[in-house]
Every structure is written in C-alpha cells, then in structure tokens.
file query-v1.cif (mmCIF, C-alpha atoms)
data_coords
loop_
_atom_site.label_atom_id
_atom_site.label_comp_id
_atom_site.auth_asym_id
_atom_site.auth_seq_id
_atom_site.Cartn_x
_atom_site.Cartn_y
_atom_site.Cartn_z
CA MET A 128 80.97 132.59 206.81
CA GLU A 129 80.87 136.27 207.62
CA HIS A 130 77.36 137.80 207.88
CA THR A 131 76.88 140.99 205.92
CA PRO A 132 74.44 143.32 207.69
CA MET A 133 71.53 144.65 205.61
CA ASN A 134 71.31 148.32 205.00
CA PRO A 135 68.17 150.17 206.22
CA GLU A 136 66.49 150.06 202.78
CA GLU A 137 66.91 146.29 202.38
CA ARG A 138 65.64 145.73 205.92
CA ARG A 139 62.46 147.73 205.21
CA ARG A 140 61.72 145.69 202.05
CA PHE A 141 62.34 142.42 203.92
CA LEU A 142 60.02 143.35 206.81
CA ALA A 143 57.29 144.49 204.37
CA LYS A 144 57.38 141.12 202.58
CA MET A 145 57.21 139.23 205.90
CA ALA A 146 54.28 141.32 207.12
CA SER A 147 52.38 140.70 203.85
CA ALA A 148 52.97 136.95 204.11
CA VAL A 149 51.80 136.80 207.74
CA PHE A 150 48.69 138.88 206.97
CA ALA A 151 47.82 136.69 203.99
CA SER A 152 48.20 133.51 206.05
CA MET A 153 45.76 134.89 208.64
CA VAL A 154 43.13 136.30 206.26
CA ALA A 155 43.02 133.65 203.52
CA PRO A 156 41.36 130.89 205.61
CA GLY A 157 38.63 133.26 206.68
CA LEU A 158 37.97 134.31 203.13
CA ALA A 159 37.83 130.69 202.05
CA GLN A 160 35.26 129.88 204.73
CA GLY A 161 33.12 132.91 204.00
CA THR A 162 33.00 132.43 200.24
CA PRO A 163 29.82 130.57 199.32
CA ARG A 164 30.48 127.47 197.30
CA PRO A 165 28.41 127.00 194.19
CA GLU A 166 25.59 124.62 195.06
CA ALA A 167 24.89 121.66 192.88
CA PRO A 168 21.70 122.21 190.91
CA GLU A 169 18.71 120.46 192.41
CA PRO A 170 17.43 117.62 190.27
CA VAL A 171 14.30 118.65 188.43
CA SER A 172 11.45 116.42 189.55
CA GLU A 173 9.72 114.69 186.68
CA ASP A 174 6.14 115.66 186.02
CA VAL A 175 3.74 113.07 187.41
CA LEU A 176 1.92 112.74 184.09
CA LEU A 177 5.16 112.10 182.22
CA ARG A 178 6.12 109.47 184.79
CA MET A 179 2.76 107.71 184.48
CA GLN A 180 3.00 107.93 180.69
CA LYS A 181 6.37 106.18 180.73
CA ASP A 182 5.04 103.54 183.13
CA LEU A 183 2.12 102.96 180.78
CA GLU A 184 4.38 102.55 177.76
CA ARG A 185 6.53 100.04 179.64
CA ALA A 186 3.47 98.11 180.81
CA LEU A 187 2.17 97.72 177.28
CA LYS A 188 5.22 95.56 176.57
CA ASN A 189 4.23 93.18 179.38
CA PRO A 190 1.56 90.63 178.35
CA GLY A 191 0.75 89.98 182.02
CA ARG A 192 0.01 93.62 182.82
CA LYS A 193 -2.75 94.66 185.23
CA TRP A 194 -4.31 98.11 185.32
CA GLY A 195 -5.30 99.98 188.44
CA MET A 196 -6.24 103.45 189.63
CA VAL A 197 -5.74 105.37 192.88
CA ILE A 198 -7.95 108.34 193.79
CA ASP A 199 -6.53 110.74 196.37
CA LEU A 200 -9.43 112.48 198.10
CA ARG A 201 -6.99 114.88 199.75
CA LYS A 202 -6.45 116.49 196.34
CA CYS A 203 -9.99 116.28 194.97
CA VAL A 204 -11.70 119.69 195.18
CA GLY A 205 -14.98 118.69 193.57
CA CYS A 206 -14.33 120.56 190.31
CA HIS A 207 -16.02 117.75 188.30
CA ALA A 208 -13.38 118.15 185.57
CA CYS A 209 -12.95 114.36 185.48
CA THR A 210 -16.71 113.94 185.00
CA VAL A 211 -16.90 116.42 182.13
CA SER A 212 -13.76 115.17 180.38
CA CYS A 213 -15.02 111.59 180.60
CA MET A 214 -18.38 112.54 179.13
CA ALA A 215 -16.67 114.33 176.25
CA GLU A 216 -14.19 111.52 175.60
CA ASN A 217 -16.82 108.78 175.58
CA ARG A 218 -19.66 110.91 174.12
CA LEU A 219 -21.99 109.96 176.93
CA PRO A 220 -25.71 110.63 176.49
CA PRO A 221 -28.09 112.02 179.12
CA GLY A 222 -28.51 109.67 182.09
CA VAL A 223 -25.10 108.00 181.68
CA VAL A 224 -22.20 109.20 183.85
CA TYR A 225 -19.06 107.11 184.23
CA ARG A 226 -17.36 109.31 186.84
CA PRO A 227 -19.88 110.92 189.17
CA VAL A 228 -18.46 112.89 192.10
CA SER A 229 -20.52 112.78 195.27
CA GLU A 230 -20.31 115.19 198.20
CA GLU A 231 -20.07 113.81 201.71
CA GLU A 232 -20.22 115.57 205.06
CA VAL A 233 -17.44 114.35 207.35
CA GLY A 234 -16.99 114.88 211.08
CA THR A 235 -19.12 115.91 214.02
CA TYR A 236 -20.38 119.42 214.69
CA PRO A 237 -18.69 121.88 215.02
CA ASN A 238 -15.73 120.11 213.35
CA VAL A 239 -17.47 119.37 210.07
CA THR A 240 -16.05 119.45 206.56
CA TYR A 241 -16.98 118.39 203.04
CA ARG A 242 -15.34 115.58 201.14
CA PHE A 243 -15.66 114.92 197.43
CA VAL A 244 -15.65 111.28 196.35
CA PRO A 245 -15.37 110.27 192.67
CA LYS A 246 -17.24 107.01 192.13
CA PRO A 247 -16.31 105.34 188.87
CA CYS A 248 -16.52 101.60 188.35
CA MET A 249 -14.14 100.17 190.95
CA GLN A 250 -13.31 97.18 188.71
CA CYS A 251 -13.95 94.81 191.64
CA ASP A 252 -11.76 91.75 192.02
CA ASP A 253 -14.92 89.75 192.67
CA PRO A 254 -17.52 91.80 190.74
CA PRO A 255 -21.11 91.04 191.84
CA CYS A 256 -22.40 92.30 188.49
CA VAL A 257 -20.81 89.41 186.60
CA PRO A 258 -22.87 86.49 187.98
CA ALA A 259 -26.01 88.67 187.86
CA CYS A 260 -25.90 88.81 184.06
CA PRO A 261 -27.93 85.94 182.58
CA TYR A 262 -26.32 86.35 179.14
CA ASP A 263 -22.62 86.26 180.12
CA ALA A 264 -22.25 89.72 178.63
CA THR A 265 -19.88 90.97 181.34
CA TRP A 266 -16.75 89.45 182.87
CA LYS A 267 -13.49 90.23 184.64
CA ARG A 268 -10.56 90.55 182.24
CA PRO A 269 -7.05 89.28 183.13
CA ASP A 270 -5.79 92.88 183.13
CA GLY A 271 -8.21 93.85 185.92
CA ILE A 272 -10.96 95.59 183.93
CA VAL A 273 -14.58 94.43 184.09
CA GLU A 274 -15.77 94.37 180.48
CA ILE A 275 -19.19 94.49 178.83
CA ASP A 276 -19.86 92.99 175.41
CA TYR A 277 -22.51 95.16 173.75
CA GLU A 278 -23.30 92.45 171.23
CA LEU A 279 -24.30 90.07 174.04
CA CYS A 280 -25.95 92.64 176.31
CA VAL A 281 -29.72 92.91 175.86
CA GLY A 282 -30.24 95.77 178.30
CA CYS A 283 -32.11 93.70 180.89
CA GLU A 284 -30.46 95.79 183.66
CA LYS A 285 -30.06 92.82 186.00
CA CYS A 286 -26.40 93.72 186.54
CA ILE A 287 -27.22 97.23 187.79
CA PRO A 288 -28.70 96.55 191.27
CA PRO A 289 -25.84 94.30 192.53
CA CYS A 290 -23.22 97.01 191.91
CA PRO A 291 -22.35 98.48 195.35
CA TYR A 292 -21.09 101.70 193.74
CA ASN A 293 -24.03 102.45 191.40
CA SER A 294 -21.52 102.51 188.57
CA ARG A 295 -23.66 100.94 185.86
CA HIS A 296 -26.18 102.89 183.80
CA LYS A 297 -28.43 102.01 180.90
CA ASP A 298 -28.19 104.01 177.71
CA GLU A 299 -31.84 104.84 177.06
CA GLY A 300 -31.13 106.31 173.62
CA ALA A 301 -31.56 110.00 174.52
CA TYR A 302 -29.60 112.88 172.97
CA TRP A 303 -28.56 116.14 174.60
CA THR A 304 -29.80 118.29 171.71
CA GLU A 305 -32.84 116.22 170.90
CA GLY A 306 -35.84 118.43 170.28
CA THR A 307 -33.82 121.64 170.18
CA PRO A 308 -35.95 124.27 168.35
CA GLY A 309 -34.73 124.75 164.80
CA GLN A 310 -31.78 122.43 165.34
CA GLY A 311 -32.73 118.95 166.41
CA LYS A 312 -30.00 116.42 167.08
CA MET A 313 -26.58 117.92 166.46
CA PRO A 314 -24.16 116.10 164.09
CA TYR A 315 -21.49 115.62 166.79
CA GLU A 316 -23.89 113.41 168.74
CA ALA A 317 -24.00 110.98 165.82
CA LEU A 318 -20.24 110.44 165.86
CA PRO A 319 -19.03 106.88 166.54
CA VAL A 320 -17.88 105.74 169.99
CA TYR A 321 -14.64 103.90 170.73
CA GLU A 322 -15.51 102.02 173.91
CA TRP A 323 -13.88 98.64 174.54
CA ASN A 324 -11.38 99.45 171.82
CA LYS A 325 -13.98 99.19 169.07
CA LYS A 326 -15.18 101.90 166.71
CA VAL A 327 -18.94 101.56 166.35
CA ALA A 328 -21.95 103.78 165.80
CA ARG A 329 -23.98 104.23 168.95
CA GLU A 330 -27.14 102.93 167.28
CA ASP A 331 -25.50 99.83 165.78
CA GLU A 332 -26.17 96.34 167.12
CA ALA A 333 -22.64 96.32 168.50
CA GLY A 334 -23.07 99.84 169.90
CA PRO A 335 -24.06 100.90 173.43
CA MET A 336 -27.55 102.23 172.80
CA ASP A 337 -30.18 100.37 174.88
CA LYS A 338 -27.33 98.55 176.66
CA VAL A 339 -25.75 98.88 180.09
CA ARG A 340 -22.62 101.06 180.15
CA LYS A 341 -19.84 101.71 182.66
CA CYS A 342 -16.31 103.07 183.13
CA HIS A 343 -13.66 101.04 181.29
CA PHE A 344 -10.48 102.96 182.21
CA CYS A 345 -10.56 104.43 178.67
CA LEU A 346 -9.39 101.11 177.28
CA HIS A 347 -9.31 102.58 173.79
CA ARG A 348 -6.72 105.09 175.04
CA ILE A 349 -4.49 102.99 177.29
CA GLU A 350 -4.01 100.27 174.68
CA ARG A 351 -2.69 102.99 172.37
CA GLY A 352 -0.29 104.35 174.96
CA LEU A 353 -2.48 107.19 176.28
CA LEU A 354 -3.53 107.74 179.88
CA PRO A 355 -7.24 107.65 180.77
CA GLN A 356 -8.91 110.98 180.07
CA CYS A 357 -9.89 111.54 183.71
CA VAL A 358 -6.26 111.17 184.83
CA VAL A 359 -4.84 113.96 182.65
CA ILE A 360 -6.99 116.72 184.18
CA PRO A 361 -5.62 119.32 186.67
CA PHE A 362 -4.91 118.62 190.38
CA TYR A 363 -3.68 115.06 189.67
CA ALA A 364 -6.10 113.60 192.23
CA LYS A 365 -5.98 110.30 190.35
CA ALA A 366 -3.02 108.13 189.51
CA PHE A 367 -3.02 105.33 186.98
CA VAL A 368 -0.88 102.56 188.44
CA LEU A 369 0.33 99.23 187.18
CA GLY A 370 0.53 95.85 188.83
CA HIS A 371 4.13 96.18 190.01
CA GLN A 372 3.35 99.57 191.59
CA TRP A 373 0.75 98.34 194.08
CA LYS A 374 3.52 98.09 196.69
CA ARG A 375 3.45 101.88 196.85
CA VAL A 376 -0.29 101.79 197.41
CA CYS A 377 0.15 99.23 200.18
CA ARG A 378 2.58 101.59 201.90
CA LEU A 379 -0.16 104.21 201.96
CA ARG A 380 -2.41 101.68 203.66
CA VAL A 381 0.20 101.05 206.35
CA SER A 382 0.74 104.80 206.88
CA GLY A 383 -2.93 105.28 207.73
CA SER A 384 -3.88 107.28 204.64
CA TRP A 385 -6.04 104.51 203.23
CA ALA A 386 -9.80 104.38 203.05
CA ARG A 387 -11.23 101.08 201.82
CA THR A 388 -13.83 101.17 199.09
CA ARG A 389 -16.71 99.65 201.02
CA HIS A 390 -16.58 95.90 201.44
CA ARG A 391 -14.98 94.61 198.27
CA SER A 392 -11.40 94.42 197.13
CA ALA A 393 -11.21 96.68 194.13
CA THR A 394 -8.81 97.57 191.34
CA THR A 395 -9.68 101.23 191.94
CA SER A 396 -8.60 102.41 195.39
CA ILE A 397 -9.37 105.56 197.34
CA ILE A 398 -6.98 107.45 199.60
CA SER A 399 -8.32 109.91 202.17
CA SER A 400 -7.16 111.73 205.28
CA ARG A 401 -7.87 109.98 208.50
CA SER A 402 -9.97 112.02 210.93
#

call {"tool": "encode", "arguments": {"input": "query-v1.cif", "output": "structure tokens"}}
result
Amino acid sequence: MEHTPMNPEERRRFLAKMASAVFASMVAPGLAQGTPRPEAPEPVSEDVLLRMQKDLERALKNPGRKWGMVIDLRKCVGCHACTVSCMAENRLPPGVVYRPVSEEEVGTYPNVTYRFVPKPCMQCDDPPCVPACPYDATWKRPDGIVEIDYELCVGCEKCIPPCPYNSRHKDEGAYWTEGTPGQGKMPYEALPVYEWNKKVAREDEAGPMDKVRKCHFCLHRIERGLLPQCVVIPFYAKAFVLGHQWKRVCRLRVSGSWARTRHRSATTSIISSRS
C-alpha cells in the first residue's frame, strides 16, 4: 500500500495532538495525587449523659440489675454542685448532707496539691451499719443500695458511728427558714419528700424527721428512668454504672488509676491520679 505523505498543515495538527496527549499523561497523575480527597466525617461521640441514660433504661428491664457509681477525682474541682443539687432534690434540712465534699492535701512539700473527695454513702457490700441497728431498719438490697425503713427507724443513732465514711446523719427536725423575722418557715420546706420511692410528708410517721438519713442513689429517680441528681451536674466527675459495666471499672484498677475507698468493698468507687 502506497504511503501518502502529509502536507505541512496536517503534520502540524498531528504533532499538536500528540504533544497534548503526552503532556496530559505526565500532568494528570500529579494532579490526582495533589487533589485532597474528601475525608469521611468523623463519628460524633455520644454525650456521656445520653449514654448513661440509655444504659439506665436498659437496666430497668433487667430484674437482676445492680446499681453502682464511680467518682473520678481527676475531674472533681470542688464546686460543690453535687452537694447543692442533692440538697435541693431531696429537700434536706440543716445538719443533713448526703454528698459532702472534703478537701485533702496531697503530696510532700514543695510538691503539694489539693484534692476534692465527694463522700456519699458508699453502699458497702458488707455494710457495718446494718448489724448495728437493733430494729432491723436498714439492710442491703439485692440491687446494691443500702436502704433505711423510716417506719422501723426510731432515731437511736446506733448505726451512725460504725459508718467509716460518716455518711449517716440524723434529721433533728430543723428548718432553714425557721425563726426568720416576719416569715417563719417557708411553704417550700413543708413539701413532701420522695426518698426510697415513697411520697411522704417529712413530719409523718413514715417520714424522715427524727430518723437517720443517707444517700440512696436517688432511688425515686432511677426507678423512673432518671439519672441521680448528682450525676447530671457539670464536669461529669461521676458516672452511674450498672452491674455489667464493672469490667470497665476493673480496667481502671489495673491501669493504676484506682484509689480504694478505705478498707471495705463498696458499690461506690473512687478514681484518682496516682502520685
């Protein structure tokens, strides 16, 4: 077959197309590498309160549930918000505090710092307050909470000294606004209390007045699907955990972030930084 030579114009068009193809083959890979790929959106972490709320709702469906609480001292700043919110939720009178926060000096001079330690009822696994009561008015529940029956309690206070955490207090019947000039006792102090999942007037026979009182994990809230009042405050220094979640707490113990609550195994556990 005879080859027909291209004229100068055809040759110029052919060479231009070849040059464009070669240039594109050299530049395209570089452009592909330099073009940022759209990143997959990071999964939004679920709020810790929402996660605990869902865990609580699931636990309520389990008849063998056990309640527990973890307090992370690394997050506690001593704001006393848990103390105040607890007093408001349970309408506590003067002299009764379910969630005191103590201040401790840690370290040796000059490396000294302050540590804030909330001290609610630790809901001991072997509570020394139970055998101290001569009226069987307090006992350890299957769900881990140490309960007090106000109808059986006579206010003898014999359960108070054995508590290693000073978590029990007697309601002496005082009011915050008692004796206020021109006011007297305010109406809100006469509102009923809901402790131990019962609605009673404070002065009633089944009420807490002249009885021994203590933290109860806001039982009236958790059995209705609400987290304890002290847990829903800022900083999230406390976590409400369930029986199947104690494996996570045990991992903290292994990692060295665990501080035992004195000498007794307790349902409430404290986490602190090791010095």

call {"tool": "atom_distance", "arguments": {"input": "query-v1.cif", "atom1": "CA of Gln356 in chain A", "atom2": "CA of Cys256 in chain A"}}
result
24.5 Å

call {"tool": "residues_around", "arguments": {"input": "query-v1.cif", "residues": "range 285-300 of chain A", "least_positions_apart": "4", "cutoff": "6 Å", "atoms": "only C-alpha atoms", "output": "short mmCIF file (atom, residue, chain, number, x, y, z; two decimals) with C-alpha atoms, in the frame of the given file"}}
result
data_model
loop_
_atom_site.label_atom_id
_atom_site.label_comp_id
_atom_site.auth_asym_id
_atom_site.auth_seq_id
_atom_site.Cartn_x
_atom_site.Cartn_y
_atom_site.Cartn_z
CA VAL A 223 -25.10 108.00 181.68
CA PRO A 247 -16.31 105.34 188.87
CA CYS A 248 -16.52 101.60 188.35
CA PRO A 255 -21.11 91.04 191.84
CA CYS A 256 -22.40 92.30 188.49
CA ALA A 259 -26.01 88.67 187.86
CA CYS A 260 -25.90 88.81 184.06
CA MET A 336 -27.55 102.23 172.80
CA ASP A 337 -30.18 100.37 174.88
CA LYS A 338 -27.33 98.55 176.66
CA VAL A 339 -25.75 98.88 180.09
CA ARG A 340 -22.62 101.06 180.15
CA LYS A 341 -19.84 101.71 182.66
#

call {"tool": "atom_distance", "arguments": {"input": "query-v1.cif", "atom1": "CA of Arg201 in chain A", "atom2": "CA of Pro237 in chain A"}}
result
20.5 Å

call {"tool": "resolve_selection", "arguments": {"input": "query-v1.cif", "expression": "the PyMOL selection byres ((chain A and resi 220) around 10)", "output": "PyMOL selection string"}}
result
chain A and resi 214-215+217-219+221-224+298-304+316+336

call {"tool": "residues_around", "arguments": {"input": "query-v1.cif", "residues": "Gly352 in chain A", "least_positions_apart": "3", "cutoff": "8 Å", "atoms": "all atoms listed in the file", "output": "PyMOL selection string"}}
result
chain A and resi 180+183-184+187+348-349

call {"tool": "write_last_selection", "arguments": {"input": "query-v1.cif", "atoms": "C-alpha atoms", "output": "PDB file, in the coordinates of the input"}}
result
ATOM      1  CA  GLN A 180       3.000 107.930 180.690  1.00  0.00           C
ATOM      2  CA  LEU A 183       2.120 102.960 180.780  1.00  0.00           C
ATOM      3  CA  GLU A 184       4.380 102.550 177.760  1.00  0.00           C
ATOM      4  CA  LEU A 187       2.170  97.720 177.280  1.00  0.00           C
ATOM      5  CA  ARG A 348      -6.720 105.090 175.040  1.00  0.00           C
ATOM      6  CA  ILE A 349      -4.490 102.990 177.290  1.00  0.00           C
TER       7      ILE A 349
END

call {"tool": "atom_distance", "arguments": {"input": "query-v1.cif", "atom1": "CA of Asn238 in chain A", "atom2": "CA of Cys206 in chain A"}}
result
23.1 Å

call {"tool": "residues_around", "arguments": {"input": "query-v1.cif", "residues": "Glu278 in chain A", "least_positions_apart": "4", "cutoff": "8 Å", "atoms": "all atoms listed in the file", "output": "PyMOL selection string"}}
result
chain A and resi 264+332-334

call {"tool": "resolve_selection", "arguments": {"input": "query-v1.cif", "expression": "the PyMOL selection byres ((chain A and resi 321) around 12)", "output": "list of chain:residue names"}}
result
A:Ala215, A:Glu216, A:Asn217, A:Arg218, A:Leu219, A:Leu318, A:Pro319, A:Val320, A:Glu322, A:Trp323, A:Asn324, A:Lys325, A:Lys326, A:Val327, A:Ala328, A:Arg329, A:Ala333, A:Gly334, A:Pro335, A:His343, A:Cys345, A:Leu346, A:His347, A:Arg348, A:Glu350

call {"tool": "write_last_selection", "arguments": {"input": "query-v1.cif", "atoms": "C-alpha atoms", "output": "PDB file, in the frame of the given file"}}
result
ATOM      1  CA  ALA A 215     -16.670 114.330 176.250  1.00  0.00           C
ATOM      2  CA  GLU A 216     -14.190 111.520 175.600  1.00  0.00           C
ATOM      3  CA  ASN A 217     -16.820 108.780 175.580  1.00  0.00           C
ATOM      4  CA  ARG A 218     -19.660 110.910 174.120  1.00  0.00           C
ATOM      5  CA  LEU A 219     -21.990 109.960 176.930  1.00  0.00           C
ATOM      6  CA  LEU A 318     -20.240 110.440 165.860  1.00  0.00           C
ATOM      7  CA  PRO A 319     -19.030 106.880 166.540  1.00  0.00           C
ATOM      8  CA  VAL A 320     -17.880 105.740 169.990  1.00  0.00           C
ATOM      9  CA  GLU A 322     -15.510 102.020 173.910  1.00  0.00           C
ATOM     10  CA  TRP A 323     -13.880  98.640 174.540  1.00  0.00           C
ATOM     11  CA  ASN A 324     -11.380  99.450 171.820  1.00  0.00           C
ATOM     12  CA  LYS A 325     -13.980  99.190 169.070  1.00  0.00           C
ATOM     13  CA  LYS A 326     -15.180 101.900 166.710  1.00  0.00           C
ATOM     14  CA  VAL A 327     -18.940 101.560 166.350  1.00  0.00           C
ATOM     15  CA  ALA A 328     -21.950 103.780 165.800  1.00  0.00           C
ATOM     16  CA  ARG A 329     -23.980 104.230 168.950  1.00  0.00           C
ATOM     17  CA  ALA A 333     -22.640  96.320 168.500  1.00  0.00           C
ATOM     18  CA  GLY A 334     -23.070  99.840 169.900  1.00  0.00           C
ATOM     19  CA  PRO A 335     -24.060 100.900 173.430  1.00  0.00           C
ATOM     20  CA  HIS A 343     -13.660 101.040 181.290  1.00  0.00           C
ATOM     21  CA  CYS A 345     -10.560 104.430 178.670  1.00  0.00           C
ATOM     22  CA  LEU A 346      -9.390 101.110 177.280  1.00  0.00           C
ATOM     23  CA  HIS A 347      -9.310 102.580 173.790  1.00  0.00           C
ATOM     24  CA  ARG A 348      -6.720 105.090 175.040  1.00  0.00           C
ATOM     25  CA  GLU A 350      -4.010 100.270 174.680  1.00  0.00           C
TER      26      GLU A 350
END

call {"tool": "closest_residue", "arguments": {"input": "query-v1.cif", "among": "A:Trp194, A:Phe243, A:Phe344, A:Trp266", "to": "Glu231 in chain A", "atoms": "only C-alpha atoms"}}
result
A:Phe243

call {"tool": "closest_residue", "arguments": {"input": "query-v1.cif", "among": "A:Tyr262, A:Tyr315, A:Tyr241, A:Tyr236", "to": "Cys203 in chain A", "atoms": "all atoms listed in the file"}}
result
A:Tyr241
